[in-house]
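Trainee: File name start-v5.txt; file contents compact mmCIF, C-alpha atoms and all ligand atoms; full text below.
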```txt
# COMPACT_ATOMS: atom_id res chain seq x y z
CA MET J 1 17.77 110.42 111.57
CA SER J 2 20.28 112.22 113.77
CA ALA J 3 19.76 111.88 117.52
CA ASP J 4 19.21 115.60 118.08
CA LEU J 5 16.22 115.58 115.69
CA ARG J 6 14.51 112.73 117.56
CA PRO J 7 12.62 114.75 120.21
CA ALA J 8 11.14 117.12 117.59
CA VAL J 9 10.19 114.29 115.24
CA GLN J 10 8.59 112.39 118.12
CA SER J 11 6.70 115.46 119.27
CA ILE J 12 5.26 116.07 115.77
CA SER J 13 4.43 112.38 115.23
CA PHE J 14 2.63 112.17 118.58
CA GLN J 15 0.62 115.28 117.77
CA ALA J 16 -0.32 113.78 114.38
CA LEU J 17 -1.61 110.69 116.20
CA ARG J 18 -3.41 112.59 118.99
CA ARG J 19 -5.42 114.61 116.47
CA GLY J 20 -5.36 111.96 113.75
CA PHE J 21 -9.09 111.26 113.39
CA TRP J 22 -9.91 114.96 113.18
CA VAL J 23 -7.15 115.56 110.64
CA GLN J 24 -8.48 112.66 108.59
CA GLU J 25 -11.90 114.32 108.46
CA VAL J 26 -10.34 117.68 107.49
CA LEU J 27 -8.47 115.96 104.66
CA ASN J 28 -11.64 114.18 103.55
CA GLN J 29 -13.34 117.53 103.16
CA TYR J 30 -10.47 119.66 101.85
CA VAL J 31 -8.64 117.32 99.48
CA GLN J 32 -10.57 115.76 96.63
CA LYS J 33 -8.44 112.66 96.20
CA THR J 34 -6.22 111.16 98.91
CA PRO J 35 -2.65 112.09 97.88
CA PRO J 36 0.04 109.39 97.90
CA GLY J 37 2.42 108.52 100.78
CA LEU J 38 4.71 111.34 101.74
CA THR J 39 2.37 114.11 100.54
CA LEU J 40 -0.41 112.77 102.73
CA TYR J 41 1.90 112.48 105.75
CA LEU J 42 3.25 115.98 105.32
CA LEU J 43 -0.25 117.45 105.08
CA TRP J 44 -1.34 115.32 108.02
CA ALA J 45 1.54 116.48 110.23
CA ALA J 46 1.09 120.15 109.30
CA ILE J 47 -2.69 120.15 109.93
CA SER J 48 -2.25 118.38 113.26
CA LEU J 49 -0.03 121.29 114.35
CA ALA J 50 -2.75 123.85 113.57
CA PRO J 51 -3.76 126.09 116.49
CA ASP J 52 -6.38 124.37 118.64
CA GLN J 53 -9.84 125.78 119.35
CA ARG J 54 -8.42 128.16 121.94
CA GLY J 55 -5.90 129.41 119.39
CA GLU J 56 -2.98 127.72 121.14
CA SER J 57 -0.31 126.17 118.97
CA MET J 58 3.34 125.28 118.80
CA TYR J 59 3.80 127.18 115.52
CA ALA J 60 2.20 130.21 113.88
CA PRO J 61 0.05 129.27 110.84
CA HIS J 62 2.31 131.09 108.33
CA THR J 63 5.36 129.23 109.74
CA LEU J 64 3.53 125.93 109.30
CA VAL J 65 2.70 126.69 105.68
CA ASN J 66 6.25 127.88 104.91
CA GLU J 67 7.93 124.92 106.60
CA ALA J 68 5.63 122.38 104.94
CA VAL J 69 6.26 123.96 101.53
CA ASN J 70 10.03 124.02 102.22
CA ALA J 71 9.86 120.35 103.16
CA THR J 72 8.60 119.49 99.65
CA LEU J 73 12.02 120.58 98.34
CA LEU J 74 13.77 117.91 100.40
CA ASP J 75 12.43 114.88 98.54
CA LYS J 76 11.91 114.44 94.81
CA ASN J 77 8.69 112.48 95.47
CA LEU J 78 7.28 115.57 97.12
CA SER J 79 8.35 118.37 94.81
CA TYR J 80 5.30 117.88 92.53
CA ALA J 81 3.03 118.45 95.56
CA LYS J 82 4.30 121.93 96.48
CA GLY J 83 1.24 123.68 95.02
CA LEU J 84 -1.25 121.28 96.56
CA ILE J 85 0.31 121.50 100.01
CA ASN J 86 0.46 125.28 99.87
CA ALA J 87 -3.17 125.56 98.76
CA VAL J 88 -4.67 123.05 101.21
CA LEU J 89 -2.79 124.37 104.21
CA ARG J 90 -3.70 127.97 103.44
CA ARG J 91 -7.39 127.07 103.13
CA VAL J 92 -7.42 125.08 106.36
CA LEU J 93 -5.24 127.32 108.49
CA ARG J 94 -6.87 130.55 107.39
CA ASN J 95 -10.36 129.27 108.05
CA ASP J 96 -11.55 130.81 111.35
CA LYS J 97 -14.57 128.54 111.31
CA ILE J 98 -12.72 125.23 110.88
CA TYR J 99 -13.78 123.97 114.32
CA GLN J 100 -17.40 124.93 113.67
CA GLU J 101 -17.28 123.08 110.35
CA ILE J 102 -15.45 120.03 111.69
CA SER J 103 -15.73 119.67 115.44
CA GLU J 104 -12.74 118.12 117.13
CA GLU J 105 -14.95 116.71 119.92
CA ASP J 106 -16.86 114.72 117.30
CA HIS J 107 -13.64 113.14 116.00
CA PRO J 108 -11.57 111.92 118.94
CA SER J 109 -8.72 109.62 117.87
CA TYR J 110 -10.30 106.49 119.27
CA PRO J 111 -12.07 103.55 117.67
CA ASP J 112 -15.84 103.43 118.29
CA TRP J 113 -15.65 100.31 120.50
CA TRP J 114 -13.27 102.13 122.85
CA ILE J 115 -15.51 105.16 123.28
CA LYS J 116 -18.55 102.89 123.74
CA LYS J 117 -16.80 100.97 126.51
CA LEU J 118 -15.75 104.16 128.31
CA LYS J 119 -19.19 105.73 127.95
CA TYR J 120 -20.87 102.62 129.35
CA ALA J 121 -18.47 102.38 132.31
CA TYR J 122 -18.23 106.10 133.13
CA PRO J 123 -21.19 108.04 131.71
CA ASN J 124 -20.12 111.15 133.67
CA ASP J 125 -16.36 110.94 133.20
CA TYR J 126 -15.69 109.46 129.79
CA ILE J 127 -15.38 112.83 128.05
CA ALA J 128 -12.74 113.99 130.54
CA ILE J 129 -10.85 110.71 130.06
CA VAL J 130 -10.84 111.22 126.30
CA GLN J 131 -9.83 114.89 126.64
CA ALA J 132 -6.91 113.97 128.93
CA SER J 133 -5.30 111.99 126.13
CA LYS J 134 -5.13 115.03 123.84
CA VAL J 135 -2.64 116.98 125.90
CA LYS J 136 1.04 116.43 126.37
CA PRO J 137 1.69 114.32 129.48
CA PRO J 138 3.17 115.87 132.61
CA LEU J 139 6.80 115.23 133.54
CA THR J 140 6.99 114.13 137.17
CA LEU J 141 10.11 113.29 139.16
CA ARG J 142 10.43 110.83 141.99
CA LEU J 143 13.07 112.10 144.39
CA ASN J 144 15.36 109.33 145.61
CA GLN J 145 15.03 109.35 149.39
CA ARG J 146 18.36 107.53 149.83
CA PHE J 147 20.25 110.11 147.75
CA PHE J 148 18.84 112.88 149.92
CA SER J 149 19.71 111.19 153.19
CA ARG J 150 23.22 110.35 151.87
CA ASP J 151 24.50 112.83 149.29
CA ALA J 152 22.42 115.98 149.49
CA HIS J 153 19.62 117.81 151.24
CA ARG J 154 16.25 117.83 149.62
CA GLN J 155 15.75 121.56 150.26
CA ASP J 156 19.12 122.40 148.66
CA TYR J 157 18.19 120.33 145.63
CA LEU J 158 14.85 122.08 145.27
CA LYS J 159 16.63 125.44 145.56
CA GLN J 160 18.96 124.31 142.80
CA LEU J 161 15.96 123.56 140.56
CA ASN J 162 14.67 127.07 141.28
CA SER J 163 18.00 128.67 140.52
CA LEU J 164 18.12 126.83 137.18
CA GLY J 165 14.67 128.18 136.35
CA ILE J 166 13.09 124.70 136.56
CA GLU J 167 9.62 125.41 137.96
CA TYR J 168 7.90 122.62 139.86
CA SER J 169 5.12 121.88 142.33
CA ASP J 170 4.70 119.06 144.86
CA ILE J 171 2.11 116.37 144.28
CA LEU J 172 1.12 115.43 147.81
CA ALA J 173 -1.76 113.02 147.27
CA ILE J 174 -3.91 111.24 144.73
CA LYS J 175 -7.42 110.15 145.76
CA ASP J 176 -6.59 110.58 149.49
CA GLN J 177 -3.44 108.46 149.25
CA SER J 178 -0.47 110.60 150.23
CA LEU J 179 2.72 110.77 148.18
CA SER J 180 6.12 111.74 149.57
CA HIS J 181 8.48 112.00 146.61
CA ALA J 182 6.57 113.35 143.61
CA ILE J 183 7.33 116.72 142.08
CA LEU J 184 5.67 117.90 138.91
CA LEU J 185 7.78 119.97 136.52
CA LYS J 186 5.96 122.85 134.86
CA ASP J 187 7.68 122.18 131.55
CA ALA J 188 9.11 118.90 130.34
CA ILE J 189 12.90 118.91 129.97
CA PRO J 190 15.40 116.24 128.83
CA VAL J 191 16.83 114.16 131.70
CA SER J 192 20.28 115.48 130.81
CA GLN J 193 19.09 118.86 132.13
CA ILE J 194 17.82 117.50 135.46
CA PRO J 195 20.47 118.16 138.12
CA SER J 196 22.29 115.05 139.45
CA PHE J 197 19.99 112.74 137.47
CA TYR J 198 22.88 110.48 136.45
CA ASP J 199 24.12 110.45 140.08
CA GLY J 200 20.79 108.98 141.16
CA ALA J 201 19.05 112.03 142.66
CA CYS J 202 15.74 111.21 141.01
CA SER J 203 13.84 109.26 138.40
CA VAL J 204 11.14 110.20 135.93
CA GLN J 205 7.97 108.47 137.12
CA ASP J 206 4.34 109.48 136.88
CA ALA J 207 2.72 110.36 140.21
CA GLY J 208 0.09 107.66 139.70
CA ALA J 209 2.84 105.04 139.50
CA GLN J 210 4.38 106.36 142.72
CA LEU J 211 1.34 105.17 144.67
CA ALA J 212 2.49 101.55 144.49
CA ALA J 213 5.27 101.82 147.10
CA GLU J 214 3.07 103.94 149.39
CA LEU J 215 0.27 101.36 149.26
CA LEU J 216 2.38 98.23 149.71
CA LYS J 217 4.50 99.67 152.56
CA PRO J 218 6.54 96.55 153.37
CA ARG J 219 8.27 96.31 156.76
CA ALA J 220 12.06 96.28 157.16
CA GLY J 221 13.55 92.85 156.41
CA GLN J 222 10.56 91.61 154.44
CA ARG J 223 10.83 89.72 151.15
CA VAL J 224 9.06 91.42 148.27
CA LEU J 225 8.41 90.28 144.69
CA ASP J 226 7.78 92.69 141.81
CA ALA J 227 6.43 90.15 139.33
CA CYS J 228 6.34 92.28 136.15
CA ALA J 229 9.11 94.66 136.95
CA ALA J 230 10.78 96.35 133.96
CA PRO J 231 11.93 99.06 133.69
CA GLY J 232 11.95 98.89 137.48
CA GLY J 233 10.26 102.15 138.47
CA LYS J 234 8.05 100.72 141.21
CA ALA J 235 10.71 98.26 142.38
CA ALA J 236 13.30 101.05 142.68
CA HIS J 237 10.86 103.24 144.59
CA LEU J 238 10.34 100.40 147.11
CA LEU J 239 14.11 99.97 147.55
CA GLU J 240 14.57 103.73 147.97
CA GLN J 241 12.02 103.77 150.77
CA PHE J 242 12.27 100.45 152.59
CA ASP J 243 15.08 98.16 153.81
CA ILE J 244 13.78 95.06 152.12
CA GLU J 245 14.93 92.15 149.98
CA LEU J 246 13.31 92.53 146.59
CA ASP J 247 13.15 90.17 143.61
CA ALA J 248 12.38 92.03 140.38
CA LEU J 249 11.03 89.49 137.90
CA GLU J 250 10.79 90.29 134.19
CA ILE J 251 10.02 88.05 131.22
CA ASP J 252 11.97 90.08 128.65
CA VAL J 253 15.76 89.76 128.90
CA GLU J 254 16.51 93.18 127.42
CA ARG J 255 13.98 94.92 129.60
CA ALA J 256 15.38 93.09 132.65
CA GLN J 257 18.72 94.74 131.87
CA ARG J 258 17.06 98.15 132.22
CA ILE J 259 16.02 97.26 135.79
CA LYS J 260 19.66 96.52 136.62
CA GLU J 261 20.78 99.83 135.07
CA ASN J 262 18.19 101.74 137.07
CA PHE J 263 19.17 100.06 140.36
CA GLU J 264 22.80 100.89 139.60
CA ARG J 265 22.15 104.53 138.69
CA LEU J 266 20.13 104.97 141.88
CA ARG J 267 22.79 103.08 143.90
CA LEU J 268 20.23 100.76 145.46
CA SER J 269 20.97 97.59 147.36
CA GLY J 270 18.68 94.71 148.28
CA GLY J 271 17.34 94.16 144.77
CA ALA J 272 17.89 91.05 142.63
CA VAL J 273 16.79 90.88 138.99
CA LEU J 274 15.29 87.57 137.79
CA VAL J 275 14.39 86.74 134.21
CA GLY J 276 11.32 84.53 134.08
CA ASP J 277 7.61 84.20 133.44
CA ALA J 278 5.24 85.17 136.26
CA GLN J 279 2.85 82.52 134.94
CA ARG J 280 5.44 79.75 135.36
CA SER J 281 6.92 80.16 138.81
CA GLU J 282 8.39 76.63 138.76
CA THR J 283 11.14 77.98 136.47
CA TRP J 284 12.44 80.68 138.84
CA PHE J 285 10.83 80.51 142.33
CA ASN J 286 13.18 79.16 145.03
CA GLY J 287 10.40 78.04 147.37
CA GLN J 288 10.75 80.89 149.89
CA GLN J 289 7.39 82.68 150.03
CA TYR J 290 7.12 86.46 149.86
CA ASP J 291 5.66 88.91 152.41
CA ALA J 292 4.44 91.20 149.66
CA ILE J 293 3.96 91.01 145.89
CA ILE J 294 3.32 93.63 143.22
CA ALA J 295 1.54 92.34 140.13
CA ASP J 296 1.87 95.25 137.69
CA VAL J 297 0.41 93.11 134.96
CA PRO J 298 0.54 93.62 131.18
CA CYS J 299 -2.56 95.61 130.18
CA SER J 300 -4.18 97.68 127.42
CA ALA J 301 -2.33 100.83 128.62
CA SER J 302 -5.61 102.70 128.10
CA GLY J 303 -4.74 104.99 131.04
CA ILE J 304 -1.59 106.31 129.36
CA VAL J 305 -2.81 107.04 125.83
CA ARG J 306 -1.27 110.52 125.88
CA ARG J 307 2.18 108.96 126.39
CA HIS J 308 1.60 106.33 123.67
CA PRO J 309 -0.91 107.86 121.25
CA ASP J 310 -0.46 104.97 118.80
CA ILE J 311 -2.26 102.64 121.24
CA THR J 312 -5.73 103.69 120.12
CA TYR J 313 -4.76 102.88 116.52
CA LEU J 314 -3.21 99.50 117.29
CA ARG J 315 -5.43 97.98 119.98
CA GLN J 316 -8.27 95.67 118.95
CA GLU J 317 -11.36 95.11 121.05
CA ALA J 318 -10.53 91.40 121.39
CA ASP J 319 -7.21 92.34 123.05
CA ILE J 320 -9.05 93.38 126.21
CA LYS J 321 -10.52 89.92 126.77
CA ASN J 322 -7.15 88.28 126.02
CA LEU J 323 -5.39 90.60 128.45
CA GLN J 324 -7.99 89.85 131.10
CA VAL J 325 -7.25 86.14 130.75
CA THR J 326 -3.49 86.71 131.00
CA GLN J 327 -3.92 88.93 134.07
CA ARG J 328 -5.99 86.23 135.79
CA LYS J 329 -3.39 83.58 134.99
CA ILE J 330 -0.64 85.75 136.46
CA LEU J 331 -2.62 86.41 139.65
CA THR J 332 -3.47 82.73 140.03
CA SER J 333 0.15 81.74 139.58
CA LEU J 334 1.48 84.34 142.06
CA TRP J 335 -0.98 83.78 144.91
CA PRO J 336 0.64 80.55 146.24
CA LEU J 337 3.98 82.42 146.45
CA LEU J 338 2.55 84.80 149.04
CA LYS J 339 2.85 84.04 152.77
CA PRO J 340 -0.38 83.85 154.78
CA GLY J 341 -0.88 87.38 156.14
CA GLY J 342 1.04 88.79 153.14
CA LYS J 343 -0.21 91.47 150.74
CA LEU J 344 -0.55 91.49 146.96
CA LEU J 345 -0.95 94.76 145.08
CA TYR J 346 -2.65 94.41 141.70
CA VAL J 347 -1.86 97.27 139.32
CA THR J 348 -2.71 98.21 135.76
CA CYS J 349 -2.38 101.43 133.78
CA SER J 350 -5.80 100.82 132.26
CA VAL J 351 -9.15 102.57 132.57
CA PHE J 352 -11.23 99.59 131.40
CA PRO J 353 -13.15 97.91 134.25
CA GLU J 354 -12.43 94.51 132.63
CA GLU J 355 -8.80 94.98 133.67
CA GLY J 356 -9.56 96.74 136.95
CA GLU J 357 -12.62 96.63 139.16
CA LEU J 358 -14.07 93.52 137.51
CA GLN J 359 -10.76 91.70 138.01
CA ALA J 360 -10.64 92.66 141.69
CA LYS J 361 -14.22 91.49 142.24
CA TRP J 362 -13.52 88.24 140.40
CA TRP J 363 -10.41 87.65 142.51
CA VAL J 364 -12.09 87.94 145.93
CA GLY J 365 -14.88 85.71 144.62
CA ALA J 366 -12.48 83.11 143.26
CA MET J 367 -10.04 82.99 146.19
CA PRO J 368 -11.57 82.13 149.56
CA ASP J 369 -8.37 83.22 151.36
CA ALA J 370 -8.20 86.68 149.66
CA SER J 371 -9.60 89.74 151.42
CA ARG J 372 -9.64 93.16 149.81
CA LEU J 373 -7.97 96.05 151.66
CA LYS J 374 -8.37 99.78 151.13
CA ALA J 375 -6.73 101.06 147.91
CA PRO J 376 -7.63 103.80 145.42
CA GLY J 377 -9.26 101.52 142.82
CA GLN J 378 -9.73 103.32 139.50
CA ILE J 379 -7.75 106.52 138.99
CA PHE J 380 -8.52 108.54 135.87
CA PRO J 381 -5.83 110.36 133.88
CA SER J 382 -5.65 114.01 134.91
CA LYS J 383 -3.34 117.02 134.70
CA GLN J 384 -1.18 115.59 137.48
CA ASN J 385 -1.26 111.83 136.89
CA ASP J 386 -1.84 109.05 134.41
CA GLY J 387 -4.72 106.57 134.64
CA PHE J 388 -4.14 103.56 136.90
CA PHE J 389 -6.03 100.87 138.75
CA TYR J 390 -4.93 99.68 142.21
CA ALA J 391 -6.41 96.85 144.27
CA LEU J 392 -4.75 95.52 147.43
CA PHE J 393 -5.39 92.00 148.75
CA GLU J 394 -4.37 90.27 151.94
CA LYS J 395 -3.94 86.52 152.18
CA ILE J 396 -6.05 85.47 155.13
CA LYS J 397 -4.26 83.27 157.68
CA THR J 398 -6.15 80.01 158.04
C1 LIG J 401 3.41 97.54 133.12
S1 LIG J 401 5.01 97.00 132.80
C2 LIG J 401 5.72 97.06 134.39
C3 LIG J 401 6.21 98.41 134.84
C4 LIG J 401 7.06 98.33 136.08
N1 LIG J 401 6.39 97.67 137.17
C5 LIG J 401 7.52 99.70 136.55
O1 LIG J 401 6.93 100.28 137.44
O2 LIG J 401 8.52 100.20 136.00
C6 LIG J 401 4.77 95.30 132.62
C7 LIG J 401 6.06 94.50 132.45
O3 LIG J 401 5.72 93.12 132.62
C8 LIG J 401 6.49 92.35 131.74
N2 LIG J 401 5.75 91.07 131.60
C9 LIG J 401 4.72 90.78 130.78
N3 LIG J 401 4.31 89.52 130.97
C10 LIG J 401 5.09 89.01 131.94
C11 LIG J 401 5.16 87.73 132.57
N4 LIG J 401 4.32 86.75 132.23
N5 LIG J 401 6.09 87.53 133.53
C12 LIG J 401 6.96 88.53 133.87
N6 LIG J 401 6.95 89.76 133.30
C13 LIG J 401 6.02 89.98 132.35
C14 LIG J 401 6.55 93.19 130.49
O4 LIG J 401 7.65 92.81 129.66
C15 LIG J 401 6.69 94.59 131.08
O5 LIG J 401 8.06 94.93 131.23
```
What does the file become when written as structure tokens?
Ligand SMILES: C[S@@+](CC[C@H](N)C(=O)[O-])C[C@H]1O[C@@H](n2cnc3c(N)ncnc32)[C@H](O)[C@@H]1O

Mentor:
Amino acid sequence: MSADLRPAVQSISFQALRRGFWVQEVLNQYVQKTPPGLTLYLLWAAISLAPDQRGESMYAPHTLVNEAVNATLLDKNLSYAKGLINAVLRRVLRNDKIYQEISEEDHPSYPDWWIKKLKYAYPNDYIAIVQASKVKPPLTLRLNQRFFSRDAHRQDYLKQLNSLGIEYSDILAIKDQSLSHAILLKDAIPVSQIPSFYDGACSVQDAGAQLAAELLKPRAGQRVLDACAAPGGKAAHLLEQFDIELDALEIDVERAQRIKENFERLRLSGGAVLVGDAQRSETWFNGQQYDAIIADVPCSASGIVRRHPDITYLRQEADIKNLQVTQRKILTSLWPLLKPGGKLLYVTCSVFPEEGELQAKWWVGAMPDASRLKAPGQIFPSKQNDGFFYALFEKIKT
């Protein structure tokens, strides 16, 4: 596939996954026998692009039918299916009552265990959480404070965005926690179109993720560890804001390289990249304790389904328990590396309490020298941010 086709192919594939369970039900009712491979995928993709219940769509119905039929000419395994594709799509797309016949709400693209878990944990909010995953995610920038105190003025930059027709709004707080560097773009654009991106003016980072640096707030000169750091978004934000010494630890060599590239693009100093396992500090820890630690642990990613719509197809219920065990092992291994009086910020991009609130409660119960400080706790995905969980702990001086 040529590189310039990638964004469009990704956009269509993501839409096919976001509406996948509903499309499956439509196909069950409108096609007698499941067609083979490519025919099924082409029908699937085209139906997933149908106008939604409010009539909003990326393509007009007749364009969808024409393009799908044209696509059958591109592959000999599809040419036999031209008639079928034409007929099915016309019947589905011309049916004004399709959403009355097959409700999209009744077929969210989630396994039953997932919905059950959400419903049990958040009887009043679970529908909104599920709905949030159906829309395209927002594109939020994090303005690099050092770039604006060194190379440019923030106001001039924002004027430049305006003059280029890039509409944006500030995100000033999430759940009472203020944010200083988040701007939400009205429409997503490729980074190549963001002014001075390659000179380090800004990064793409969800507003929810930008809370980490604001919550940890290390003092100048302090030693900070980001224990699960790649691609380095939260670590870079800390270095942009504070004059600290930061170790960015990452288990995956290739992903660790991305941290380095990000630090370089943003022209940040004070950051060292370490490759190692947060569960086995004896292999990389030099014995000098840290003043602050971020544990942005591996998780189900259930708070960012709209960015990775394949997650709900791939995740198994047993994964949640396994992840919980891993998260506890990482916390247990990191705690001795923290100075008395130091702070540890526990972060996941999950909405399951097993990876969030229940972990935080377990931790203060299990560690007599851990006290819980104020932090947002569970944040649900919304129009302006992804879903995250934040808990902040202090190591009590004994
Ligand atoms: C949620 S991502 C971190 C995102 C990052 N903090 C940021 O803001 O850009 C979790 C990262 O932890 C890494 N990881 C997973 N297990 C780890 C371990 N045991 N030790 C160190 N890193 C680990 C993963 O490879 C992944 O890059």

Trainee: 9 Å from ligand LIG 401 (chain J) is the threshold here; counting only C-alpha atoms and all ligand atoms, which polymer residues fall inside it? Answer as a compact mmCIF listing (two decimals) with C-alpha atoms, in the coordinates of the input.

Mentor:
```txt
# COMPACT_ATOMS: atom_id res chain seq x y z
CA GLN J 205 7.97 108.47 137.12
CA ALA J 209 2.84 105.04 139.50
CA GLN J 210 4.38 106.36 142.72
CA ALA J 212 2.49 101.55 144.49
CA ASP J 226 7.78 92.69 141.81
CA ALA J 227 6.43 90.15 139.33
CA CYS J 228 6.34 92.28 136.15
CA ALA J 229 9.11 94.66 136.95
CA ALA J 230 10.78 96.35 133.96
CA PRO J 231 11.93 99.06 133.69
CA GLY J 232 11.95 98.89 137.48
CA GLY J 233 10.26 102.15 138.47
CA LYS J 234 8.05 100.72 141.21
CA ALA J 235 10.71 98.26 142.38
CA ALA J 236 13.30 101.05 142.68
CA HIS J 237 10.86 103.24 144.59
CA ALA J 248 12.38 92.03 140.38
CA LEU J 249 11.03 89.49 137.90
CA GLU J 250 10.79 90.29 134.19
CA ILE J 251 10.02 88.05 131.22
CA ASP J 252 11.97 90.08 128.65
CA VAL J 253 15.76 89.76 128.90
CA ARG J 255 13.98 94.92 129.60
CA ALA J 256 15.38 93.09 132.65
CA ILE J 259 16.02 97.26 135.79
CA VAL J 275 14.39 86.74 134.21
CA GLY J 276 11.32 84.53 134.08
CA ASP J 277 7.61 84.20 133.44
CA ALA J 278 5.24 85.17 136.26
CA GLN J 279 2.85 82.52 134.94
CA ARG J 280 5.44 79.75 135.36
CA ILE J 294 3.32 93.63 143.22
CA ALA J 295 1.54 92.34 140.13
CA ASP J 296 1.87 95.25 137.69
CA VAL J 297 0.41 93.11 134.96
CA PRO J 298 0.54 93.62 131.18
CA CYS J 299 -2.56 95.61 130.18
CA ALA J 301 -2.33 100.83 128.62
CA THR J 326 -3.49 86.71 131.00
CA GLN J 327 -3.92 88.93 134.07
CA LYS J 329 -3.39 83.58 134.99
CA ILE J 330 -0.64 85.75 136.46
CA VAL J 347 -1.86 97.27 139.32
CA THR J 348 -2.71 98.21 135.76
CA CYS J 349 -2.38 101.43 133.78
```

Trainee: Measure the distance from CA of Gln257 in chain J to CA of Val273 in chain J in Å and round it to one decimal.

Mentor: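 CA of Val273 in chain J lies at a distance of 8.3 Å from CA of Gln257 in chain J.
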
Trainee: I want to know what sits within 12 Å of Leu161 in chain J, based on only C-alpha atoms, with residues of the same chain fewer than 6 positions away left out; could you give that as a ChimeraX atom specification?

Mentor: /J:141,154-155,167-169,183-186,189,193-197

Trainee: List as a list in words the protein and nucleic acid residues near range 94-97 of chain J, meaning an atom at most 12 Å away when all atoms listed in the file are counted, but skip any in the same chain fewer than 6 places from it.

Mentor: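 Listed by chain and then number, they are Val26, Tyr30, Ile47, Ala50, Pro51, Asp52, Gln53, Arg54, Gly55, Ala60, Pro61, His62, Leu64, Val65, Asn86, Ala87, Val88 and Ser103 of chain J.
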
Trainee: Any idea what the distance is between CA of Ser149 in chain J and CA of Glu240 in chain J?

Mentor: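 That distance, rounded to one decimal, is 10.5 Å.
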
Trainee: Residues at most 12 Å from Ala152 in chain J, counting only C-alpha atoms, excluding those fewer than 2 positions away in the same chain, as a PyMOL selection string?

Mentor: chain J and resi 143-150+154-160+195-196+199-202

Trainee: Do you have the CA of Ser333 in chain J-CA of Ala366 in chain J distance handy?

Mentor: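 These atoms are spaced 13.2 Å apart.
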
Trainee: List the spatial neighbours of Asp386 in chain J as number ranges by chain - criterion: any atom at most 10 Å away, all atoms listed in the file, same-chain residues fewer than 4 positions off excluded.

Mentor: J: 132-133, 137-138, 206-209, 302-307, 349-351, 379-382

Trainee: Using all atoms listed in the file, find the one residue out of J:Leu27, J:Val92, J:Ala182, J:Leu266 that sits nearest to Asp151 in chain J.

Mentor: J:Leu266

Trainee: With only C-alpha atoms as the atoms that count, which of J:Arg328, J:Arg258, J:Arg372, J:Lys361 lies nearest to Leu345 in chain J?

Mentor: J:Arg372

Trainee: Given only C-alpha atoms as the basis, pick out the residue of J:Gly83, J:Ala68, J:Leu5, J:Gln131 nearest to Glu105 in chain J.

Mentor: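 Going through J:Gly83, J:Ala68, J:Leu5, J:Gln131 one by one, the smallest distance to Glu105 in chain J is for J:Gln131.
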
Trainee: With all atoms listed in the file as the basis for distance, which of J:Leu323, J:Phe21, J:His107, J:Gln384 is at the shortest distance from Leu172 in chain J?

Mentor: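 Of the candidates, the smallest distance to Leu172 in chain J is held by J:Gln384.
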
Trainee: Report, as JSON, the axis-aligned box around all atoms of range 369-374 of chain J present in the file, extended by 8 Å on each side; give centre and edge lengths in Å to one decimal place.

Mentor:
```
{"center_x": -8.8, "center_y": 91.5, "center_z": 150.7, "size_x": 17.7, "size_y": 32.6, "size_z": 18.0}
```

Trainee: At a cut-off of 12 Å, using only C-alpha atoms, what residues contact Pro190 in chain J? Leave out same-chain residues fewer than 6 positions from it and give the result as a ChimeraX atom specification.

Mentor: /J:4,6-7,139,141,166,197,203-204

Trainee: Pick the closest to Asp310 in chain J from J:Ser192, J:Ser13, J:Gln324, J:Thr332: which is it, counting all atoms listed in the file?

Mentor: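 Looking at the shortest contact to Asp310 in chain J, the residue is J:Ser13.
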
Trainee: Measuring between all atoms listed in the file, which one of J:Lys117, J:Ile171, J:Gly165, J:Thr398 shows the shortest distance to Glu354 in chain J?

Mentor: J:Lys117

Trainee: Would you mind putting back N, CA and C atoms on range 48-55 of chain J, then writing it out as a PDB file, in the frame of the given file?

Mentor:
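To be explicit, this is the file written out as rebuild19.pdb:
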```pdb
ATOM      1  N   SER J  48      -2.157 118.742 111.834  1.00  0.00           N
ATOM      2  CA  SER J  48      -2.250 118.380 113.260  1.00  0.00           C
ATOM      3  C   SER J  48      -1.574 119.420 114.147  1.00  0.00           C
ATOM      4  N   LEU J  49      -0.708 120.249 113.557  1.00  0.00           N
ATOM      5  CA  LEU J  49      -0.030 121.290 114.350  1.00  0.00           C
ATOM      6  C   LEU J  49      -0.790 122.619 114.303  1.00  0.00           C
ATOM      7  N   ALA J  50      -1.950 122.615 113.649  1.00  0.00           N
ATOM      8  CA  ALA J  50      -2.750 123.850 113.570  1.00  0.00           C
ATOM      9  C   ALA J  50      -3.153 124.309 114.962  1.00  0.00           C
ATOM     10  N   PRO J  51      -3.320 125.617 115.177  1.00  0.00           N
ATOM     11  CA  PRO J  51      -3.760 126.090 116.490  1.00  0.00           C
ATOM     12  C   PRO J  51      -5.050 125.377 116.895  1.00  0.00           C
ATOM     13  N   ASP J  52      -5.159 125.050 118.192  1.00  0.00           N
ATOM     14  CA  ASP J  52      -6.380 124.370 118.640  1.00  0.00           C
ATOM     15  C   ASP J  52      -7.522 125.385 118.772  1.00  0.00           C
ATOM     16  N   GLN J  53      -8.643 124.920 119.318  1.00  0.00           N
ATOM     17  CA  GLN J  53      -9.840 125.780 119.350  1.00  0.00           C
ATOM     18  C   GLN J  53      -9.633 127.053 120.160  1.00  0.00           C
ATOM     19  N   ARG J  54      -8.693 126.968 121.131  1.00  0.00           N
ATOM     20  CA  ARG J  54      -8.420 128.160 121.940  1.00  0.00           C
ATOM     21  C   ARG J  54      -7.345 129.037 121.297  1.00  0.00           C
ATOM     22  N   GLY J  55      -6.905 128.621 120.112  1.00  0.00           N
ATOM     23  CA  GLY J  55      -5.900 129.410 119.390  1.00  0.00           C
ATOM     24  C   GLY J  55      -4.481 129.093 119.820  1.00  0.00           C
TER      25      GLY J  55
END
```
